[in-house]
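A.B. asks: Attaching a single structure in structure tokens format; questions to follow.
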Amino acid sequence: MGAIRGRGRAGTAAAAGVLCAVLAAGLTGCPAPAPDRTAPSAPARGVSPLTGLPAREAAPVLAVKIDNVGPARPHTGLGAADLVYAEQVEAGQSRLLAVFSSRLPPRVGPVRSAREADLELLRQFGRPALAYSGAQSALIPLIEAAPLYPLPPEAAPAAYRREPSRPAPHNLYLRPRAALDAAPRAERARDIGFRFGAAPPGGKRVTEHTVRFPAARFTFTWSPGERRWRVAMDGRPARTTDGGPLTAATVVVQDTEVRPSRFHDRWGSVSPYTETTGSGTALVLRDGRSHEARWSRPGAGGGTTFTTPEGRPLAFAPGPVWIVLAAR
């Protein structure tokens with residue numbers, strides 16, 4: 001009893017608040033707790049669920065597997081992507097999976113081959129179109145059975161062009177509109193768990209952050225004037241041939257399990273498999289600050305949610321999102 005009295009009026013009010021919350025089903029006269037109106041909500045109609053920016057209507061989703069070794073740069077069309085995933089491939093190198101919906105550039109590339117982990121990653125988009133240069137023969141049955149519209153060059157020959165001025169195999173480019181013409185039933189962009197809005201409180205001020213793969217690295221540098229993170233790859237600023245520097249409004253470093261798969265490339269290097277279902281920690285960069293986060297994707301058919309360590313939805317800054325799938 002002495003401990004309860006020692007709280008004073010503030011302690012009594014807090015205890016009453018807890019009791020009201022427990023009995024808010026109407027068993028007492030306590031008012032129901034007010035909803036948290038500051039929590040970010042699902043994207044409204046007329047807003048892209050992938051960027052949080054205004055969009056006339058949801059458009060089909062086109063994912064493109066993009067080469068990312070030195071001879072493949074500078075990229076073309078990558079600045080128009082709503083969402084870019086950076087993932088580890090053979091020999092510790094990196095490759096990009098760019099997701100387009102809000103905007104379609106005239107060309108995208110260079111395009112390279114698909115990996116097994118792409119199939120699980122893309123299931124959260126429903127049944128999107130996937131453009132890629134090819135895949136090893138053992139993987140083709142898995143791609144054909146996956147809930148997506150596969151678009152290698154033989155399935156959409158009018159959508160691909162070779163660039164004579166670039167060395168092979170880094171010279172295959174995609175015409176996105178022609179690709180979607182070959183997949184007219186590709187599913188439109190939908191809610192995949194992202195929330196956009198005001199920055200969460202706290203975080204740490206940061207001007208630069210680097211993520212390292214065994215044989216590649218990404219550096220994101222905050223540009224206050226642009227209100228964006230500038231992207232650098234392997235120590236060099238990333239630019240596109242058609243849009244200038246590559247930037248992101250939000251960068252997510254998602255800690256994942258990266259394990260060997262049963263596939264390998266022609267030189268015998270084992271293809272890594274990045275697990276994108278389950279849960280784990282993440283770091284969210286926005287507005288010149290870093291925020292500790294948690295990610296959760298219970299099943300392949302659902303989206304990925306990002307929350308604060310306390311479990312509250314963590315809003316992204318409206319604009320392009322880059323997600324680096326880093327090994328734990």
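Residue numbers start at 1 in each chain; chains themselves are named A, B, ... in the order of the structure tokens; ligands are numbered from 1 in the order shown.
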Where does range 176-233 of chain A meet range 111-135 of chain A within 8 Å, residue by residue, with the nearest atom pair and distance in Å to one decimal for each, counting only C-alpha atoms, listed by chain and rising number, as a tab-separated table?

C.D. replies:
```
residue	atom	partner	partner_atom	distance
A:Ala179	CA	A:Ala131	CA	7.5
A:Leu180	CA	A:Ala129	CA	7.3
A:Ala183	CA	A:Ala129	CA	6.5
A:Ala186	CA	A:Pro128	CA	5.0
A:Glu187	CA	A:Arg127	CA	5.2
A:Arg188	CA	A:Pro128	CA	7.6
A:Ala189	CA	A:Phe125	CA	6.9
A:Arg190	CA	A:Phe125	CA	6.8
A:Ile192	CA	A:Gln124	CA	6.2
```

A.B. asks: Using C-alpha atoms, can you export the residues from the last selection as a PDB file, in the first residue's frame?

C.D. replies:
```pdb
ATOM      1  CA  ALA A 179       8.552  -5.448 -72.404  1.00  0.00           C
ATOM      2  CA  LEU A 180       5.216  -4.711 -70.730  1.00  0.00           C
ATOM      3  CA  ALA A 183       3.221  -9.072 -70.427  1.00  0.00           C
ATOM      4  CA  ALA A 186       1.424  -7.990 -65.201  1.00  0.00           C
ATOM      5  CA  GLU A 187       0.038  -7.020 -61.802  1.00  0.00           C
ATOM      6  CA  ARG A 188      -0.202  -3.377 -60.834  1.00  0.00           C
ATOM      7  CA  ALA A 189       1.739  -1.860 -57.959  1.00  0.00           C
ATOM      8  CA  ARG A 190       0.227  -2.678 -54.584  1.00  0.00           C
ATOM      9  CA  ILE A 192       4.078  -4.207 -50.048  1.00  0.00           C
TER      10      ILE A 192
END
```

A.B. asks: Identify, on the basis of only C-alpha atoms, every residue whose closest approach to Leu78 in chain A does not exceed 9 Å; exclude the query and any residue fewer than 5 positions from it along the same chain; express the result as a list of chain:residue names.

C.D. replies: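 The residues that qualify are A:Ile66, A:Val84, A:Ala98, A:Pro105, A:Val108, A:Gly109, A:Thr240, A:Asp242, A:Gly243, A:Leu246.
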
A.B. asks: So that I can see what lies close to Ala327 in chain A, please list as a list in words the residues with an atom at most 6 Å from it, counting only C-alpha atoms and leaving out residues fewer than 4 positions away in the same chain.

C.D. replies: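 My list of contacting residues is Asp255, Thr256, Glu257 and Val258 of chain A.
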
A.B. asks: Output N, CA, C and O atoms of each residue in that selection to a file, as a short mmCIF file (atom, residue, chain, number, x, y, z; two decimals), in the first residue's frame.

C.D. replies:
```
data_model
loop_
_atom_site.label_atom_id
_atom_site.label_comp_id
_atom_site.auth_asym_id
_atom_site.auth_seq_id
_atom_site.Cartn_x
_atom_site.Cartn_y
_atom_site.Cartn_z
N ASP A 255 19.46 -6.50 -42.85
CA ASP A 255 20.31 -7.62 -42.47
C ASP A 255 19.58 -8.93 -42.75
O ASP A 255 18.49 -9.17 -42.23
N THR A 256 20.19 -9.76 -43.59
CA THR A 256 19.54 -10.99 -44.04
C THR A 256 20.48 -12.18 -43.89
O THR A 256 21.69 -12.02 -43.70
N GLU A 257 19.91 -13.35 -44.03
CA GLU A 257 20.71 -14.58 -44.07
C GLU A 257 21.11 -14.84 -45.52
O GLU A 257 20.24 -14.97 -46.40
N VAL A 258 22.40 -14.86 -45.80
CA VAL A 258 22.91 -15.16 -47.13
C VAL A 258 23.61 -16.51 -47.06
O VAL A 258 24.62 -16.66 -46.39
#
```

A.B. asks: Name the closest residue to Ala216 in chain A among the candidates A:Glu87, A:Asp234, A:Glu275, A:Asp181; distances are taken between atoms, counting only C-alpha atoms.

C.D. replies: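 The closest residue to Ala216 in chain A is A:Asp234.
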
A.B. asks: In Å, with one decimal, what is the gap from CA of Val69 in chain A to CA of Gly288 in chain A?

C.D. replies: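 Answer for the CA of Val69 in chain A to CA of Gly288 in chain A separation: 28.0 Å.
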
A.B. asks: Apply DSSP to the backbone of this structure and, from range 43-222 of chain A, keep only the residues in strand (DSSP E or B); write these as an MDAnalysis selection string.

C.D. replies: chainID A and resid 47 54 60 62:66 75:76 83:88 94:100 108:109 111 129:131 149:151 160:162 172:174 188 196 204:205 208:213 216:222

A.B. asks: Please indicate the distance in Å from CA of Tyr85 in chain A to CA of Leu172 in chain A, rounded to one decimal place.

C.D. replies: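 Separating CA of Tyr85 in chain A from CA of Leu172 in chain A is a distance of 19.7 Å.
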
A.B. asks: Might you pull out every residue within 8 Å of range 80-83 of chain A, with only C-alpha atoms counted and same-chain residues fewer than 5 positions away left off, and present them as a ChimeraX atom specification?

C.D. replies: /A:50-51,98-105,319-323

A.B. asks: Which residue is closest to Trp222 in chain A? Choose from A:Thr241, A:Ser290, A:Thr305, A:Thr277 and count only C-alpha atoms.

C.D. replies: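 Residue with the minimum atom-to-atom distance to Trp222 in chain A: A:Ser290.
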
A.B. asks: State, in Å with one decimal place, the distance from CA of Asp287 in chain A to CA of Pro201 in chain A.

C.D. replies: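 Answer for the CA of Asp287 in chain A to CA of Pro201 in chain A separation: 11.7 Å.
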
A.B. asks: Show me, as number ranges by chain, the residues that have an atom within 12 Å of Ala168 in chain A when counting only C-alpha atoms, minus same-chain residues fewer than 3 positions from it.

C.D. replies: A: 67, 71-72, 110-112, 133, 162-165, 171-173

A.B. asks: Excluding Thr307 in chain A and residues on its chain fewer than 3 positions from it, collect all residues at most 6 Å away from it, counting only C-alpha atoms, and give them as a ChimeraX atom specification.

C.D. replies: /A:293-294,311-314

A.B. asks: Using only C-alpha atoms, pick whichever of A:Ala156, A:Ala44, A:Ala145, A:Ala198 has the shortest atom-to-atom distance to Ala182 in chain A.

C.D. replies: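 Nearest to Ala182 in chain A: A:Ala156.
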
A.B. asks: Taking only C-alpha atoms into account, name the residue in A:Ala146, A:Val64, A:Ser223, A:Gly299 that is nearest to Leu96 in chain A.

C.D. replies: A:Val64
